[in-house]
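So this one's coords30.txt, compact mmCIF, C-alpha atoms:
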# COMPACT_ATOMS: atom_id res chain seq x y z
CA MET A 1 13.52 70.07 77.21
CA ALA A 2 9.78 70.73 76.94
CA ARG A 3 8.47 71.25 73.46
CA THR A 4 6.58 74.46 72.72
CA PRO A 5 3.23 73.60 71.10
CA ALA A 6 3.12 74.56 67.44
CA LYS A 7 0.63 77.25 66.49
CA SER A 8 -2.23 76.28 64.21
CA ARG A 9 -1.35 77.01 60.59
CA GLY A 10 -4.71 76.25 58.96
CA LEU A 11 -3.80 74.14 55.96
CA GLY A 12 -0.14 74.23 56.91
CA ARG A 13 2.84 75.53 54.95
CA GLY A 14 1.34 74.64 51.59
CA LEU A 15 1.54 71.46 49.61
CA SER A 16 4.65 72.43 47.62
CA ALA A 17 6.56 73.34 50.78
CA LEU A 18 5.61 70.08 52.47
CA MET A 19 6.54 68.10 49.36
CA SER A 20 10.09 69.44 49.49
CA ASP A 21 10.70 67.30 52.58
CA VAL A 22 9.30 64.07 51.15
CA THR A 23 11.56 61.73 49.18
CA ALA A 24 10.10 59.10 46.86
CA ASP A 25 12.76 56.47 47.49
CA GLU A 26 16.23 55.75 48.78
CA SER A 27 18.44 56.08 45.71
CA PRO A 28 22.20 56.65 45.52
CA LYS A 29 21.60 59.09 42.66
CA GLU A 30 19.61 61.50 44.86
CA THR A 31 21.15 64.66 46.25
CA SER A 32 21.23 64.12 49.99
CA LYS A 33 19.85 66.72 52.40
CA ARG A 34 22.32 67.81 55.05
CA PRO A 35 21.21 66.23 58.34
CA ASP A 36 20.61 68.45 61.36
CA LEU A 37 21.58 65.68 63.77
CA ILE A 38 22.88 62.13 64.02
CA VAL A 39 20.80 60.50 66.76
CA PRO A 40 20.71 57.04 68.37
CA ILE A 41 18.17 54.91 66.55
CA GLU A 42 16.37 54.07 69.81
CA GLN A 43 15.57 57.78 70.28
CA VAL A 44 13.50 57.75 67.08
CA GLN A 45 9.93 56.42 67.09
CA PRO A 46 7.32 55.98 64.33
CA ASN A 47 4.28 58.22 64.02
CA PRO A 48 1.38 56.40 65.77
CA ASP A 49 -1.07 57.96 63.30
CA GLN A 50 0.86 56.84 60.21
CA PRO A 51 -1.81 55.73 57.69
CA ARG A 52 0.50 53.11 56.18
CA ARG A 53 0.49 49.96 58.32
CA THR A 54 2.19 47.33 56.13
CA PHE A 55 5.76 47.24 54.82
CA ALA A 56 6.77 44.55 52.32
CA GLU A 57 9.39 42.38 54.02
CA ASP A 58 11.36 41.62 50.83
CA ALA A 59 11.55 45.32 49.94
CA LEU A 60 12.73 46.16 53.47
CA GLN A 61 15.46 43.51 53.27
CA GLU A 62 16.58 44.94 49.93
CA LEU A 63 16.75 48.46 51.35
CA ALA A 64 18.54 47.19 54.47
CA ALA A 65 21.24 45.60 52.29
CA SER A 66 21.71 48.91 50.46
CA ILE A 67 21.87 50.84 53.75
CA ALA A 68 24.39 48.38 55.20
CA GLU A 69 26.64 49.03 52.20
CA LYS A 70 26.14 52.75 51.55
CA GLY A 71 24.46 54.10 54.69
CA ILE A 72 21.28 56.21 54.80
CA ILE A 73 21.60 58.65 51.92
CA GLN A 74 18.43 60.66 52.59
CA PRO A 75 17.94 61.69 56.26
CA LEU A 76 14.69 60.97 58.05
CA ILE A 77 12.34 63.92 58.57
CA VAL A 78 11.40 64.10 62.26
CA ARG A 79 9.86 66.38 64.84
CA ALA A 80 10.32 66.48 68.61
CA ALA A 81 8.03 63.77 70.03
CA PRO A 82 5.12 65.45 71.85
CA GLY A 83 5.42 65.05 75.61
CA LYS A 84 8.82 63.30 75.51
CA SER A 85 12.36 64.60 75.95
CA ASN A 86 15.30 63.53 73.77
CA THR A 87 12.92 61.60 71.53
CA TYR A 88 11.95 62.24 67.91
CA GLU A 89 8.85 61.20 66.00
CA ILE A 90 9.16 60.23 62.33
CA VAL A 91 7.38 62.53 59.90
CA ALA A 92 8.76 60.91 56.73
CA GLY A 93 11.11 57.95 56.35
CA GLU A 94 9.69 55.17 58.53
CA ARG A 95 10.68 52.63 55.86
CA ARG A 96 14.31 53.79 56.08
CA TRP A 97 14.15 53.63 59.89
CA ARG A 98 12.87 50.03 59.82
CA ALA A 99 15.50 49.01 57.26
CA ALA A 100 18.23 50.68 59.35
CA GLN A 101 17.27 48.47 62.31
CA ILE A 102 17.53 45.37 60.12
CA ALA A 103 20.97 46.61 58.98
CA LYS A 104 21.90 46.95 62.69
CA LEU A 105 22.70 50.68 62.49
CA HIS A 106 23.17 52.33 65.89
CA ASP A 107 22.24 55.85 64.81
CA VAL A 108 20.47 57.62 61.95
CA PRO A 109 20.70 61.06 60.29
CA VAL A 110 17.66 63.28 60.81
CA VAL A 111 16.34 66.65 59.71
CA VAL A 112 14.23 68.24 62.48
CA ARG A 113 11.08 70.14 61.50
CA ASP A 114 8.50 71.94 63.63
CA TYR A 115 5.38 70.39 62.12
CA ASN A 116 1.99 70.35 63.80
CA ASP A 117 -0.25 67.23 63.87
CA THR A 118 -2.18 68.24 60.75
CA GLU A 119 0.99 68.74 58.72
CA VAL A 120 2.43 65.43 59.93
CA LEU A 121 -0.66 63.57 58.69
CA GLU A 122 -0.56 65.47 55.40
CA ILE A 123 3.07 64.53 54.80
CA ALA A 124 2.37 60.88 55.70
CA ILE A 125 -0.32 60.77 53.00
CA ILE A 126 1.99 62.44 50.47
CA GLU A 127 4.80 60.00 51.26
CA ASN A 128 2.47 57.04 50.70
CA ILE A 129 1.37 58.45 47.34
CA GLN A 130 5.02 58.64 46.29
CA ARG A 131 5.55 54.88 46.80
CA ALA A 132 6.69 53.12 43.64
CA ASP A 133 4.65 49.99 44.39
CA LEU A 134 1.34 51.79 45.01
CA ASN A 135 -1.64 50.40 43.09
CA PRO A 136 -3.94 52.85 41.22
CA VAL A 137 -6.81 52.57 43.73
CA ASP A 138 -4.65 53.37 46.77
CA GLU A 139 -2.97 56.22 44.88
CA ALA A 140 -6.38 57.65 44.00
CA ALA A 141 -7.53 57.29 47.62
CA GLY A 142 -4.45 59.27 48.72
CA TYR A 143 -5.31 62.11 46.34
CA LYS A 144 -8.89 62.14 47.59
CA GLN A 145 -7.68 62.33 51.20
CA LEU A 146 -5.56 65.36 50.37
CA MET A 147 -8.51 67.05 48.67
CA ASP A 148 -11.14 66.19 51.27
CA ARG A 149 -9.09 66.73 54.45
CA PHE A 150 -6.83 69.59 53.45
CA GLY A 151 -8.69 71.40 50.68
CA HIS A 152 -6.07 70.92 47.96
CA THR A 153 -7.19 71.23 44.35
CA GLN A 154 -6.18 68.89 41.54
CA ASP A 155 -4.02 71.66 40.08
CA GLN A 156 -2.16 72.16 43.37
CA MET A 157 -1.50 68.44 43.70
CA ALA A 158 -0.37 68.14 40.07
CA THR A 159 2.16 70.96 40.50
CA ALA A 160 3.53 69.80 43.86
CA LEU A 161 3.65 66.07 43.07
CA GLY A 162 5.05 66.44 39.58
CA LYS A 163 2.02 64.75 37.99
CA SER A 164 -0.23 65.94 35.19
CA ARG A 165 -3.69 67.15 36.16
CA SER A 166 -5.23 64.58 33.79
CA HIS A 167 -3.32 61.78 35.57
CA ILE A 168 -4.83 62.78 38.91
CA ALA A 169 -8.31 63.30 37.46
CA ASN A 170 -8.28 59.92 35.70
CA LEU A 171 -7.17 58.12 38.87
CA LEU A 172 -9.85 59.81 40.97
CA ARG A 173 -12.48 58.53 38.52
CA LEU A 174 -11.44 54.95 39.35
CA LEU A 175 -12.92 55.39 42.83
CA ASN A 176 -16.37 55.46 41.19
CA LEU A 177 -15.98 51.85 40.01
CA PRO A 178 -17.77 49.00 41.85
CA GLU A 179 -15.75 47.38 44.64
CA GLU A 180 -15.25 44.14 42.68
CA VAL A 181 -13.65 46.00 39.78
CA GLN A 182 -11.46 48.01 42.18
CA ASN A 183 -10.28 44.72 43.68
CA TYR A 184 -9.20 43.52 40.22
CA LEU A 185 -7.15 46.74 39.97
CA ILE A 186 -5.61 46.31 43.42
CA SER A 187 -4.59 42.72 42.66
CA GLY A 188 -3.11 43.73 39.30
CA GLN A 189 -5.54 41.65 37.22
CA LEU A 190 -6.75 44.82 35.48
CA SER A 191 -4.65 47.83 34.50
CA ALA A 192 -5.73 51.43 35.07
CA GLY A 193 -6.27 51.70 31.29
CA HIS A 194 -8.72 48.78 31.33
CA ALA A 195 -10.53 50.20 34.35
CA ARG A 196 -10.90 53.71 32.91
CA ALA A 197 -12.84 52.25 29.99
CA LEU A 198 -15.37 50.82 32.48
CA VAL A 199 -15.93 53.93 34.61
CA GLY A 200 -19.58 55.00 34.63
CA HIS A 201 -20.81 51.85 32.85
CA ASP A 202 -23.85 50.28 34.52
CA GLN A 203 -22.48 46.79 33.69
CA ALA A 204 -18.89 47.46 34.80
CA VAL A 205 -18.64 44.26 36.84
CA GLN A 206 -19.84 42.01 34.00
CA LEU A 207 -17.55 43.80 31.56
CA ALA A 208 -14.54 43.41 33.87
CA ARG A 209 -15.18 39.68 34.21
CA GLU A 210 -15.39 39.32 30.44
CA VAL A 211 -12.17 41.31 29.97
CA LEU A 212 -10.39 38.93 32.34
CA GLN A 213 -11.90 35.81 30.81
CA ARG A 214 -11.06 36.80 27.24
CA LYS A 215 -7.77 38.54 28.18
CA LEU A 216 -8.69 41.65 26.22
CA SER A 217 -6.36 44.57 25.53
CA VAL A 218 -7.21 48.12 26.62
CA ARG A 219 -8.36 49.00 23.09
CA GLU A 220 -10.53 45.88 22.94
CA THR A 221 -11.96 46.74 26.34
CA GLU A 222 -12.93 50.20 25.10
CA LYS A 223 -14.77 48.64 22.16
CA LEU A 224 -16.48 46.11 24.44
CA ALA A 225 -17.66 48.88 26.79
CA LYS A 226 -19.42 50.59 23.87
CA LYS A 227 -21.47 47.53 22.88
CA GLY A 228 -21.84 45.87 26.30
CA PRO A 229 -21.11 42.31 27.55
CA THR A 230 -21.22 39.60 24.89
CA LEU A 231 -20.65 36.38 26.88
CA LYS A 232 -23.69 34.48 28.11
CA LYS A 233 -21.81 33.14 31.11
CA ARG A 234 -20.17 36.13 32.78
CA SER A 235 -18.20 34.29 35.40
CA VAL A 236 -14.82 35.08 36.85
CA PRO A 237 -12.07 33.04 35.16
CA GLY A 238 -11.72 29.69 36.88
CA ALA A 239 -15.20 29.77 38.44
CA PRO A 240 -17.09 26.44 38.19
CA VAL A 241 -19.86 26.21 35.55
CA PRO A 242 -23.26 25.35 37.13
CA LYS A 243 -24.46 21.77 36.42
CA ASP A 244 -27.61 21.19 34.44
CA ALA A 245 -30.67 19.50 35.98
CA ASP A 246 -30.14 16.16 34.16
CA THR A 247 -26.60 15.76 35.50
CA ILE A 248 -27.75 16.53 39.04
CA GLN A 249 -30.58 13.96 38.77
CA ILE A 250 -28.17 11.22 37.59
CA GLU A 251 -25.81 12.06 40.47
CA ASN A 252 -28.68 11.71 42.96
CA GLU A 253 -29.88 8.39 41.48
CA LEU A 254 -26.40 6.82 41.53
CA SER A 255 -25.75 8.09 45.05
CA ALA A 256 -29.01 6.50 46.25
CA THR A 257 -28.24 3.19 44.50
CA LEU A 258 -24.68 2.88 45.79
CA GLY A 259 -25.21 4.52 49.17
CA MET A 260 -22.18 6.73 48.46
CA LYS A 261 -21.72 10.27 47.16
CA VAL A 262 -21.38 10.38 43.38
CA THR A 263 -20.25 13.46 41.41
CA ILE A 264 -20.20 13.85 37.65
CA ASP A 265 -18.05 16.35 35.74
CA HIS A 266 -19.39 16.55 32.20
CA PRO A 267 -18.14 19.65 30.27
CA ALA A 268 -20.81 21.24 28.11
CA GLY A 269 -20.60 20.20 24.45
CA SER A 270 -18.28 17.26 25.05
CA GLU A 271 -18.91 13.51 24.81
CA GLY A 272 -16.69 12.49 27.74
CA GLY A 273 -16.32 13.46 31.37
CA LYS A 274 -15.43 12.21 34.84
CA LEU A 275 -17.40 10.28 37.44
CA ALA A 276 -16.19 10.19 41.06
CA VAL A 277 -17.46 8.00 43.90
CA SER A 278 -16.59 8.95 47.50
CA TYR A 279 -16.49 6.26 50.19
CA LYS A 280 -16.30 6.82 53.94
CA SER A 281 -14.79 3.49 55.00
CA LEU A 282 -12.99 0.39 53.70
CA GLU A 283 -16.26 -1.53 54.07
CA GLN A 284 -17.93 0.90 51.64
CA LEU A 285 -15.01 0.44 49.25
CA ASP A 286 -15.47 -3.35 49.42
CA ASP A 287 -19.20 -2.95 48.70
CA LEU A 288 -18.39 -0.79 45.66
CA LEU A 289 -15.85 -3.29 44.30
CA ARG A 290 -18.37 -6.15 44.68
CA ALA A 291 -21.02 -4.09 42.90
CA LEU A 292 -18.66 -3.28 40.02
CA SER A 293 -17.52 -6.91 39.70
CA GLY A 294 -21.06 -8.26 39.84
CA GLY A 295 -20.38 -10.13 43.09

As structure tokens:
Amino acid sequence: MARTPAKSRGLGRGLSALMSDVTADESPKETSKRPDLIVPIEQVQPNPDQPRRTFAEDALQELAASIAEKGIIQPLIVRAAPGKSNTYEIVAGERRWRAAQIAKLHDVPVVVRDYNDTEVLEIAIIENIQRADLNPVDEAAGYKQLMDRFGHTQDQMATALGKSRSHIANLLRLLNLPEEVQNYLISGQLSAGHARALVGHDQAVQLAREVLQRKLSVRETEKLAKKGPTLKKRSVPGAPVPKDADTIQIENELSATLGMKVTIDHPAGSEGGKLAVSYKSLEQLDDLLRALSGG
């Protein structure tokens, strides 16, 4: 059956209306929507324009185990696939669809909606924002997409998503941080509280490195941001400390004398250290042993 093209709806049905179809997770405690249809799983396909491209394998396996035991509690939201008959395109619920395949389900419950392309993209962004494992930077980027592409205000998003306006505003501010600091947030090395204290600071990168090196609390980070970096060496934790000129000269002299690469590790302020000699062949090793034994 040919699908009648959906009429343009401007910004769509409204953020609150679209949100009513998006479920944050697959939980037995949720009230299940009544499915319109039960369809063979091979007649359902993912949205090719879905902004989310990666799905954590361990989380999928966990969901698949739950689905194998209890079934799919929350139906997938789909629309008729453009240009195809008896095929549905996922609007929300691709994670459930993937997990259902792992659980070897033959069919899935769906709720059919008549969404246009703009609304499908909008819902995909909303669904990604609702992920429990989303880091603060990606969540903020999702809010910005909704504002820039669809004209939603912070107040509209706060109401529809069940968030406070200050939560959304504070996350959006994180996008003003330098890329290095955002990467610390994405990796979980810094919390959103730490990062907020650095927003707008012209030495945000140096401050972030010092926070990590000294393992400062959020309150300590706020105090540090007011007075500026205090460490002379503002390196990322674990980064090698540059060698002084004297150590480098000794390395070069020993390397020239022995004909082998010599490296010296002498921590600043200490009496001891390590000296390493690298040889390329057993003959070089024999030469080194003779030199050390005075032969």

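Take CA of Ile126 (chain A) and CA of Asp107 (chain A): the distance between them is 25.7 Å.
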
TODO: Using only C-alpha atoms, determine which residues lie at most 7 Å from region 180-192 of chain A, disregarding the query and same-chain residues fewer than 5 positions distant; provide the list as a PyMOL selection string.
DONE: chain A and resi 135-137+205+208

For C-alpha atoms, I'd like the residues from the last selection saved as a compact mmCIF listing (two decimals), in the coordinates of the input.
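Saved result, out03.txt, follows:
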# COMPACT_ATOMS: atom_id res chain seq x y z
CA ASN A 135 -1.64 50.40 43.09
CA PRO A 136 -3.94 52.85 41.22
CA VAL A 137 -6.81 52.57 43.73
CA VAL A 205 -18.64 44.26 36.84
CA ALA A 208 -14.54 43.41 33.87

Task: Test item: residues at most 12 Å from Lys144 (chain A), only C-alpha atoms, excluding those fewer than 3 positions along its chain, as a ChimeraX atom specification - done: /A:122,125-126,129,137-141,147-154,157,168-169,171-176

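Nearest to Leu292 (chain A) of all the residues A:Ala68, A:Ala276, A:Ile73, A:Leu258 is A:Leu258, based on all atoms listed in the file.
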
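CA of Asp286 (chain A) lies 26.1 Å from CA of Thr247 (chain A).
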
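Within the 12 Å cut-off around Ile67 (chain A), using all atoms listed in the file and omitting residues fewer than 5 positions from it on the same chain, the listed residues are Glu26, Ser27, Pro28, Leu60, Gln61, Glu62, Ile72, Ile73, Gln74, Pro75, Arg95, Arg96, Trp97, Arg98, Ala99, Ala100, Gln101, Ile102, Ala103, Lys104, Leu105 and Val108 of chain A.
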
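In this model, the gap between CA of Gly162 (chain A) and CA of Glu127 (chain A) comes to 13.3 Å.
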
Quick one: everything within 9 Å of Gly200 (chain A), counting all atoms listed in the file, minus sequence neighbours fewer than 2 positions away in the same chain. Send it as a PDB file with C-alpha atoms, in the coordinates of the input.
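Below you can see result_31.pdb, which holds the result:
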ATOM      1  CA  ARG A 173     -12.480  58.530  38.520  1.00  0.00           C
ATOM      2  CA  ASN A 176     -16.370  55.460  41.190  1.00  0.00           C
ATOM      3  CA  LEU A 177     -15.980  51.850  40.010  1.00  0.00           C
ATOM      4  CA  ARG A 196     -10.900  53.710  32.910  1.00  0.00           C
ATOM      5  CA  ALA A 197     -12.840  52.250  29.990  1.00  0.00           C
ATOM      6  CA  LEU A 198     -15.370  50.820  32.480  1.00  0.00           C
ATOM      7  CA  ASP A 202     -23.850  50.280  34.520  1.00  0.00           C
ATOM      8  CA  GLN A 203     -22.480  46.790  33.690  1.00  0.00           C
ATOM      9  CA  ALA A 204     -18.890  47.460  34.800  1.00  0.00           C
TER      10      ALA A 204
END

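Comparing the minimum interatomic distances between Asp117 (chain A) and each of A:His201, A:Arg79, A:Arg209, A:His266, counting all atoms listed in the file, we find that A:Arg79 sits nearest.
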
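Compared by their closest atoms to Arg214 (chain A), and using only C-alpha atoms, the residues A:Val199, A:Leu285, A:Ile248, A:Leu231 rank with A:Leu231 nearest.
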
TODO: Compute the distance from (-24.2, 8.4, 48.4) to each atom, counting all atoms listed in the file, keep the residues with any atom at most 12 Å away, and return them as a list of chain:residue names; use the coordinates of the file.
DONE: A:Ile250, A:Glu251, A:Asn252, A:Glu253, A:Leu254, A:Ser255, A:Ala256, A:Thr257, A:Leu258, A:Gly259, A:Met260, A:Lys261, A:Val262, A:Thr263, A:Ala276, A:Val277, A:Ser278, A:Tyr279, A:Lys280, A:Gln284, A:Leu288
